[in-house]
file entry08.cif (mmCIF, C-alpha atoms)
data_my_file
loop_
_atom_site.label_atom_id
_atom_site.label_comp_id
_atom_site.auth_asym_id
_atom_site.auth_seq_id
_atom_site.Cartn_x
_atom_site.Cartn_y
_atom_site.Cartn_z
CA MET D 20 74.04 90.80 92.56
CA LYS D 21 75.03 94.41 92.12
CA ARG D 22 76.98 96.11 94.89
CA THR D 23 76.87 99.76 95.82
CA ASN D 24 78.99 102.09 97.91
CA ALA D 25 76.33 101.79 100.58
CA SER D 26 76.86 98.04 100.84
CA VAL D 27 80.66 97.96 100.81
CA GLY D 28 81.54 101.37 102.26
CA LYS D 29 84.09 103.74 100.76
CA VAL D 30 85.84 101.85 97.99
CA ALA D 31 89.32 102.61 96.66
CA PHE D 32 90.49 101.44 93.24
CA LEU D 33 94.26 100.79 93.28
CA PHE D 34 96.04 100.34 89.95
CA PRO D 35 99.32 98.37 89.73
CA GLY D 36 102.48 99.34 87.93
CA GLN D 37 104.78 97.41 85.65
CA GLY D 38 105.58 94.60 88.08
CA THR D 39 102.91 92.32 86.61
CA ILE D 40 101.72 91.84 83.04
CA PRO D 41 98.38 90.63 81.68
CA ASP D 42 98.47 86.85 81.26
CA LYS D 43 95.23 86.65 79.28
CA SER D 44 92.75 88.93 77.56
CA PRO D 45 91.02 91.39 79.91
CA PRO D 46 87.25 91.32 80.30
CA SER D 47 85.36 92.58 77.26
CA SER D 48 84.80 96.32 77.58
CA ARG D 49 84.13 99.40 75.49
CA VAL D 50 87.29 101.12 76.68
CA GLY D 51 89.43 98.04 76.04
CA GLU D 52 88.08 97.66 72.51
CA ARG D 53 88.77 101.33 71.73
CA LEU D 54 92.33 101.19 73.04
CA PHE D 55 93.20 97.87 71.40
CA THR D 56 92.01 99.38 68.10
CA LEU D 57 94.04 102.53 68.73
CA ALA D 58 97.08 100.36 69.46
CA GLU D 59 96.64 98.54 66.14
CA ARG D 60 96.60 101.90 64.32
CA MET D 61 99.92 102.65 66.05
CA GLY D 62 101.40 99.35 64.84
CA LEU D 63 101.12 97.60 68.23
CA SER D 64 99.48 94.16 68.14
CA LEU D 65 98.62 94.28 71.83
CA ARG D 66 95.29 92.47 71.46
CA GLU D 67 97.01 89.52 69.74
CA TRP D 68 99.99 89.45 72.13
CA VAL D 69 97.85 89.55 75.28
CA ALA D 70 95.43 86.90 73.99
CA ALA D 71 98.36 84.63 73.09
CA GLY D 72 100.16 85.24 76.40
CA SER D 73 103.27 86.45 74.55
CA VAL D 74 105.34 86.93 77.72
CA ASP D 75 108.62 87.71 75.95
CA LEU D 76 107.04 90.65 74.17
CA LEU D 77 104.86 91.84 77.04
CA GLN D 78 107.79 91.96 79.46
CA ARG D 79 109.36 94.66 77.31
CA THR D 80 108.71 98.07 78.86
CA GLU D 81 107.47 99.68 75.64
CA PHE D 82 104.78 97.02 75.25
CA ALA D 83 104.10 96.19 78.92
CA GLN D 84 103.01 99.70 79.85
CA PRO D 85 100.18 100.18 77.29
CA ALA D 86 99.06 96.55 77.75
CA ILE D 87 98.77 97.01 81.53
CA LEU D 88 96.85 100.27 81.08
CA ILE D 89 94.28 98.55 78.86
CA ASP D 90 93.95 95.65 81.31
CA SER D 91 93.46 98.00 84.27
CA LEU D 92 90.83 100.14 82.54
CA ALA D 93 88.91 97.12 81.26
CA LYS D 94 88.83 95.66 84.77
CA ALA D 95 87.75 98.99 86.27
CA GLU D 96 84.83 99.00 83.82
CA ALA D 97 83.94 95.42 84.80
CA LEU D 98 83.97 96.33 88.49
CA ARG D 99 81.66 99.26 87.83
CA MET D 100 79.32 97.01 85.87
CA ALA D 101 79.29 94.76 88.96
CA GLY D 102 78.22 97.70 91.13
CA PHE D 103 81.53 98.93 92.56
CA GLU D 104 82.04 102.69 92.38
CA PRO D 105 85.32 104.19 93.57
CA TYR D 106 85.31 106.84 96.25
CA ILE D 107 89.06 107.27 95.85
CA VAL D 108 91.68 106.15 93.30
CA ALA D 109 95.46 105.75 93.29
CA GLY D 110 98.06 104.11 91.11
CA HIS D 111 101.55 102.71 91.65
CA SER D 112 103.78 104.48 89.08
CA LEU D 113 102.28 103.50 85.70
CA GLY D 114 99.01 102.74 87.49
CA GLU D 115 98.54 106.44 88.13
CA TYR D 116 97.47 106.87 84.49
CA ALA D 117 94.59 104.43 84.95
CA ALA D 118 93.63 106.25 88.17
CA LEU D 119 93.52 109.58 86.32
CA VAL D 120 91.28 108.08 83.63
CA VAL D 121 88.86 106.53 86.12
CA SER D 122 88.68 109.83 88.02
CA GLY D 123 87.90 111.74 84.80
CA VAL D 124 91.12 113.78 84.74
CA LEU D 125 92.25 112.22 81.44
CA THR D 126 90.38 110.44 78.67
CA PRO D 127 91.43 106.85 77.95
CA GLU D 128 92.89 107.96 74.62
CA GLU D 129 94.90 110.78 76.22
CA ALA D 130 96.36 108.46 78.83
CA PHE D 131 97.11 105.77 76.26
CA SER D 132 98.98 108.13 73.94
CA VAL D 133 101.17 109.32 76.83
CA VAL D 134 101.78 105.79 78.14
CA VAL D 135 102.87 104.49 74.72
CA GLU D 136 105.47 107.27 74.55
CA ARG D 137 106.36 106.83 78.23
CA GLY D 138 107.09 103.15 77.72
CA ARG D 139 109.20 103.82 74.62
CA LEU D 140 111.27 106.49 76.36
CA MET D 141 111.76 104.54 79.58
CA ALA D 142 112.82 101.44 77.64
CA GLY D 143 115.68 103.44 76.15
CA VAL D 144 117.46 104.10 79.47
CA SER D 145 119.96 101.53 80.76
CA GLY D 146 120.15 100.63 84.44
CA ALA D 147 118.75 98.31 87.08
CA MET D 148 116.47 98.06 90.10
CA ALA D 149 116.33 95.77 93.14
CA ALA D 150 113.88 95.23 95.99
CA ILE D 151 115.43 95.47 99.46
CA VAL D 152 113.49 93.70 102.22
CA LYS D 153 113.92 93.17 105.97
CA LEU D 154 115.57 96.58 106.41
CA SER D 155 114.02 99.89 107.45
CA LEU D 156 113.78 102.76 104.97
CA GLU D 157 116.41 104.57 107.03
CA GLU D 158 118.81 101.62 106.66
CA VAL D 159 118.21 101.45 102.91
CA SER D 160 118.77 105.21 102.61
CA SER D 161 122.07 104.83 104.47
CA ILE D 162 123.15 102.10 102.04
CA CYS D 163 122.32 104.30 99.05
CA GLU D 164 124.41 107.14 100.46
CA GLN D 165 127.49 104.88 100.50
CA ILE D 166 127.32 103.99 96.81
CA LYS D 167 128.93 105.66 93.82
CA PRO D 168 127.59 105.85 91.12
CA GLN D 169 124.39 107.15 92.65
CA VAL D 170 121.68 104.75 93.76
CA VAL D 171 118.35 106.07 95.08
CA ILE D 172 115.21 104.72 96.73
CA ALA D 173 112.72 104.45 93.89
CA ASN D 174 109.75 102.95 95.76
CA CYS D 175 108.80 103.11 99.44
CA ASN D 176 106.54 100.07 99.36
CA GLY D 177 106.39 99.21 103.05
CA PRO D 178 108.04 99.86 106.42
CA ARG D 179 110.62 97.18 105.60
CA GLN D 180 110.39 97.00 101.83
CA ALA D 181 111.97 99.44 99.41
CA VAL D 182 113.15 99.39 95.80
CA VAL D 183 116.46 100.96 94.78
CA SER D 184 117.35 102.19 91.32
CA GLY D 185 120.48 103.27 89.45
CA ARG D 186 123.36 102.00 87.35
CA GLU D 187 123.66 98.21 87.37
CA GLU D 188 126.98 98.18 89.24
CA GLY D 189 125.58 100.48 91.95
CA VAL D 190 122.41 98.42 92.38
CA ASN D 191 124.49 95.22 92.64
CA GLN D 192 126.53 96.89 95.38
CA ALA D 193 123.33 97.88 97.21
CA VAL D 194 122.16 94.25 97.11
CA GLU D 195 125.46 93.11 98.65
CA LEU D 196 125.41 95.81 101.36
CA ALA D 197 121.80 94.90 102.20
CA ARG D 198 122.84 91.27 102.68
CA GLU D 199 125.69 92.31 104.96
CA ALA D 200 123.24 94.40 107.01
CA GLY D 201 120.90 91.44 107.55
CA GLY D 202 118.48 92.22 104.76
CA ARG D 203 117.87 90.73 101.36
CA GLY D 204 118.24 92.24 97.90
CA ILE D 205 116.19 90.91 94.99
CA PRO D 206 117.12 92.13 91.47
CA LEU D 207 113.99 93.07 89.52
CA ARG D 208 113.25 92.09 85.94
CA VAL D 209 112.94 95.60 84.56
CA SER D 210 114.74 97.27 81.68
CA GLY D 211 115.95 100.43 83.35
CA PRO D 212 116.50 102.60 86.44
CA PHE D 213 112.92 103.79 86.87
CA HIS D 214 112.18 106.56 89.38
CA SER D 215 115.76 107.75 89.51
CA PRO D 216 117.57 110.84 88.19
CA LEU D 217 118.85 108.67 85.31
CA MET D 218 115.35 108.95 83.81
CA GLY D 219 115.73 112.73 83.56
CA ASP D 220 116.12 112.89 79.79
CA ALA D 221 113.14 110.59 79.27
CA GLN D 222 111.09 112.75 81.62
CA ALA D 223 112.04 115.91 79.74
CA ALA D 224 111.16 114.28 76.40
CA LEU D 225 107.75 113.20 77.74
CA ALA D 226 106.93 116.63 79.15
CA SER D 227 105.62 118.18 75.92
CA LYS D 228 103.18 115.29 75.49
CA ILE D 229 101.78 115.77 79.00
CA GLU D 230 101.80 119.56 78.73
CA SER D 231 99.63 119.42 75.61
CA ILE D 232 96.75 117.76 77.47
CA GLY D 233 94.11 119.70 79.37
CA PHE D 234 93.71 118.03 82.76
CA LYS D 235 90.16 118.07 84.16
CA THR D 236 88.94 118.30 87.74
CA PRO D 237 88.64 114.76 89.16
CA SER D 238 85.19 113.40 89.95
CA VAL D 239 86.53 111.30 92.86
CA LEU D 240 89.44 111.69 95.26
CA VAL D 241 92.87 111.09 93.72
CA ILE D 242 95.98 110.19 95.74
CA SER D 243 99.24 111.01 93.98
CA SER D 244 102.06 108.48 94.32
CA VAL D 245 104.53 111.38 94.04
CA SER D 246 103.16 113.46 96.93
CA GLY D 247 101.49 110.61 98.82
CA SER D 248 98.52 112.92 99.38
CA VAL D 249 95.06 113.63 97.99
CA GLU D 250 95.41 116.02 95.05
CA MET D 251 92.38 117.59 93.35
CA GLU D 252 93.69 120.59 91.39
CA PRO D 253 94.22 119.79 87.69
CA SER D 254 97.32 121.98 87.48
CA ARG D 255 98.82 120.25 90.51
CA LEU D 256 98.06 116.79 89.12
CA LYS D 257 99.80 117.74 85.87
CA GLU D 258 102.79 119.15 87.75
CA LEU D 259 103.17 115.91 89.71
CA LEU D 260 102.80 113.70 86.64
CA LEU D 261 105.52 115.71 84.88
CA THR D 262 108.00 114.66 87.60
CA GLN D 263 106.72 111.12 88.12
CA ILE D 264 109.27 108.95 86.32
CA THR D 265 112.19 110.42 88.30
CA ALA D 266 110.32 110.72 91.63
CA CYS D 267 110.10 108.12 94.38
CA VAL D 268 106.82 106.16 94.56
CA ARG D 269 105.57 106.90 98.08
CA TRP D 270 103.25 103.91 98.43
CA VAL D 271 103.35 103.80 102.23
CA ASP D 272 102.05 107.38 102.26
CA VAL D 273 99.40 106.50 99.66
CA VAL D 274 98.04 103.75 101.91
CA LYS D 275 98.14 106.06 104.94
CA ALA D 276 96.13 108.59 102.93
CA LEU D 277 93.53 105.88 102.20
CA VAL D 278 93.17 105.38 105.94
CA CYS D 279 92.88 109.12 106.57
CA GLU D 280 90.08 109.29 103.99
CA GLU D 281 88.36 106.35 105.74
CA ALA D 282 88.49 103.98 102.77
CA THR D 283 86.91 100.76 104.01
CA ASP D 284 87.80 98.59 101.01
CA ALA D 285 90.60 98.77 98.45
CA VAL D 286 90.48 96.71 95.25
CA GLU D 287 93.63 95.99 93.25
CA VAL D 288 92.38 96.61 89.72
CA GLY D 289 94.74 94.54 87.64
CA VAL D 290 96.73 91.32 87.47
CA GLY D 291 98.06 89.74 90.63
CA GLU D 292 98.10 90.74 94.27
CA VAL D 293 101.19 92.90 94.76
CA LEU D 294 99.33 95.99 95.99
CA THR D 295 96.98 93.85 98.08
CA GLY D 296 99.94 92.29 99.87
CA LEU D 297 101.64 95.64 100.43
CA GLY D 298 98.46 97.18 101.81
CA ILE D 299 97.85 94.35 104.27
CA ARG D 300 101.38 94.80 105.63
CA ILE D 301 100.94 98.56 106.09
CA THR D 302 97.52 98.83 107.77
CA SER D 303 94.61 96.81 109.12
CA HIS D 304 92.18 99.75 108.92
CA THR D 305 91.33 99.15 105.25
CA ARG D 306 90.38 95.80 103.75
CA PHE D 307 92.50 95.00 100.68
CA MET D 308 91.41 92.55 97.99
CA THR D 309 92.36 91.47 94.51
CA TYR D 310 90.20 92.07 91.46
CA LYS D 311 89.08 88.41 91.49
CA GLU D 312 88.26 88.49 95.19
CA ALA D 313 86.14 91.60 94.68
CA LEU D 314 84.11 90.04 91.87
CA ASP D 315 83.78 86.73 93.72
CA GLY D 316 82.38 88.57 96.75
#
call {"tool": "encode", "arguments": {"input": "entry08.cif", "output": "structure tokens"}}
result
Amino acid sequence: MKRTNASVGKVAFLFPGQGTIPDKSPPSSRVGERLFTLAERMGLSLREWVAAGSVDLLQRTEFAQPAILIDSLAKAEALRMAGFEPYIVAGHSLGEYAALVVSGVLTPEEAFSVVVERGRLMAGVSGAMAAIVKLSLEEVSSICEQIKPQVVIANCNGPRQAVVSGREEGVNQAVELAREAGGRGIPLRVSGPFHSPLMGDAQAALASKIESIGFKTPSVLVISSVSGSVEMEPSRLKELLLTQITACVRWVDVVKALVCEEATDAVEVGVGEVLTGLGIRITSHTRFMTYKEALDG
């Protein structure tokens, strides 16, 4: 049975970042077919790797990012075919590209071309990241200020959940200081220091690719993970995307913006339930659900 905005209220589509990878082929879709074909022309066998569950390959940043984009867009198309229409969209880091496609700011091909280059550039920067839990953002910030070489908060994922990023030795020190403060540090399986100043050269190299694209006015509300606010001006959306891979992901503010815009339901359009879990911990005013839960009703 088809659903409509009238039956489920104001729906948000939330697109995950690189924390999860597709474990099987996404639902059949026109956009997925186009992008898998485009990937093959670029020498990327993403269709084959995703279908085979080639985890070793798909965990690599340069392959994970375009594969996740295809998965997210295919699932967004499937949700729309099932009657879900987004009132508002947002994405966690990489997920912002899927959000900009679904909102009409970028075409799928434009987003894919940037994401392929984004993944390649980000994979070339050495460093580490770790999740810090059971401590406030203020406590994590204080820990970062004690560490040389520089470590920064890369993601504000919840009131007591942050991710820090920097050189490996600095991140290891942050994990130890978090333990001493009564928290817990969990090293993340990523290839580099995402959302830190160490990504500056990669960001500068990606800028010309983003600058060459004409951003369009979104057809639905867009929340930027950089500003944590609704952004509707194409020039502003481009400006924010240009700074994204060095900027902190302000996910707590993104969820608060969903509440301010009276989103009744938020669907995690991708693999897993990371964003669903984060949302539930931040607010009870919006109902969060995974892609599977949404389709299952």
call {"tool": "resolve_selection", "arguments": {"input": "entry08.cif", "expression": "the PyMOL selection byres ((chain D and resi 184-200) around 12)", "output": "PyMOL selection string"}}
result
chain D and resi 144-156+158-175+179-183+201-207+209-218+264-268
call {"tool": "closest_residue", "arguments": {"input": "entry08.cif", "among": "D:Glu280, D:Glu157, D:Glu115, D:Glu250", "to": "Val30 of chain D", "atoms": "only C-alpha atoms"}}
result
D:Glu280
call {"tool": "resolve_selection", "arguments": {"input": "entry08.cif", "expression": "the PyMOL selection byres ((chain D and resi 57) around 12)", "output": "list in words"}}
result
Val50, Gly51, Glu52, Arg53, Leu54, Phe55, Thr56, Ala58, Glu59, Arg60, Met61, Gly62, Leu63, Ser64, Leu65, Arg66, Pro85, Ala86, Ile89, Pro127, Glu128, Glu129, Ala130, Phe131, Ser132 and Val135 of chain D
call {"tool": "atom_distance", "arguments": {"input": "entry08.cif", "atom1": "atom CA of Tyr106 of chain D", "atom2": "atom CA of Ser248 of chain D"}}
result
14.9 Å
call {"tool": "resolve_selection", "arguments": {"input": "entry08.cif", "expression": "the PyMOL selection byres ((chain D and resi 224) around 12)", "output": "CSV table (one decimal) with C-alpha atoms, in the coordinates of the input"}}
result
chain,number,residue,atom,x,y,z
D,133,VAL,CA,101.2,109.3,76.8
D,136,GLU,CA,105.5,107.3,74.6
D,137,ARG,CA,106.4,106.8,78.2
D,138,GLY,CA,107.1,103.2,77.7
D,139,ARG,CA,109.2,103.8,74.6
D,140,LEU,CA,111.3,106.5,76.4
D,141,MET,CA,111.8,104.5,79.6
D,143,GLY,CA,115.7,103.4,76.2
D,218,MET,CA,115.4,109.0,83.8
D,219,GLY,CA,115.7,112.7,83.6
D,220,ASP,CA,116.1,112.9,79.8
D,221,ALA,CA,113.1,110.6,79.3
D,222,GLN,CA,111.1,112.8,81.6
D,223,ALA,CA,112.0,115.9,79.7
D,225,LEU,CA,107.8,113.2,77.7
D,226,ALA,CA,106.9,116.6,79.2
D,227,SER,CA,105.6,118.2,75.9
D,228,LYS,CA,103.2,115.3,75.5
D,229,ILE,CA,101.8,115.8,79.0
D,230,GLU,CA,101.8,119.6,78.7
D,261,LEU,CA,105.5,115.7,84.9
D,262,THR,CA,108.0,114.7,87.6
D,264,ILE,CA,109.3,109.0,86.3
call {"tool": "closest_residue", "arguments": {"input": "entry08.cif", "among": "D:Ile87, D:Val278, D:Ser44, D:Ser254", "to": "Glu67 of chain D", "atoms": "only C-alpha atoms"}}
result
D:Ser44
call {"tool": "atom_distance", "arguments": {"input": "entry08.cif", "atom1": "atom CA of Gly72 of chain D", "atom2": "atom CA of Thr39 of chain D"}}
result
12.7 Å
call {"tool": "atom_distance", "arguments": {"input": "entry08.cif", "atom1": "atom CA of Pro178 of chain D", "atom2": "atom CA of Ala285 of chain D"}}
result
19.2 Å
call {"tool": "axis_aligned_box", "arguments": {"input": "entry08.cif", "around": "segment 191-197 of chain D", "padding_each_side": "6 Å", "output": "JSON"}}
result
{"center_x": 124.2, "center_y": 95.5, "center_z": 97.4, "size_x": 16.7, "size_y": 16.8, "size_z": 21.6}
call {"tool": "closest_residue", "arguments": {"input": "entry08.cif", "among": "D:Val293, D:Ala313, D:Ala71, D:Leu260", "to": "Val245 of chain D", "atoms": "all atoms listed in the file"}}
result
D:Leu260
call {"tool": "residues_around", "arguments": {"input": "entry08.cif", "residues": "Leu33 of chain D", "least_positions_apart": "5", "cutoff": "7 Å", "atoms": "only C-alpha atoms", "output": "PyMOL selection string"}}
result
chain D and resi 108-110+285-288
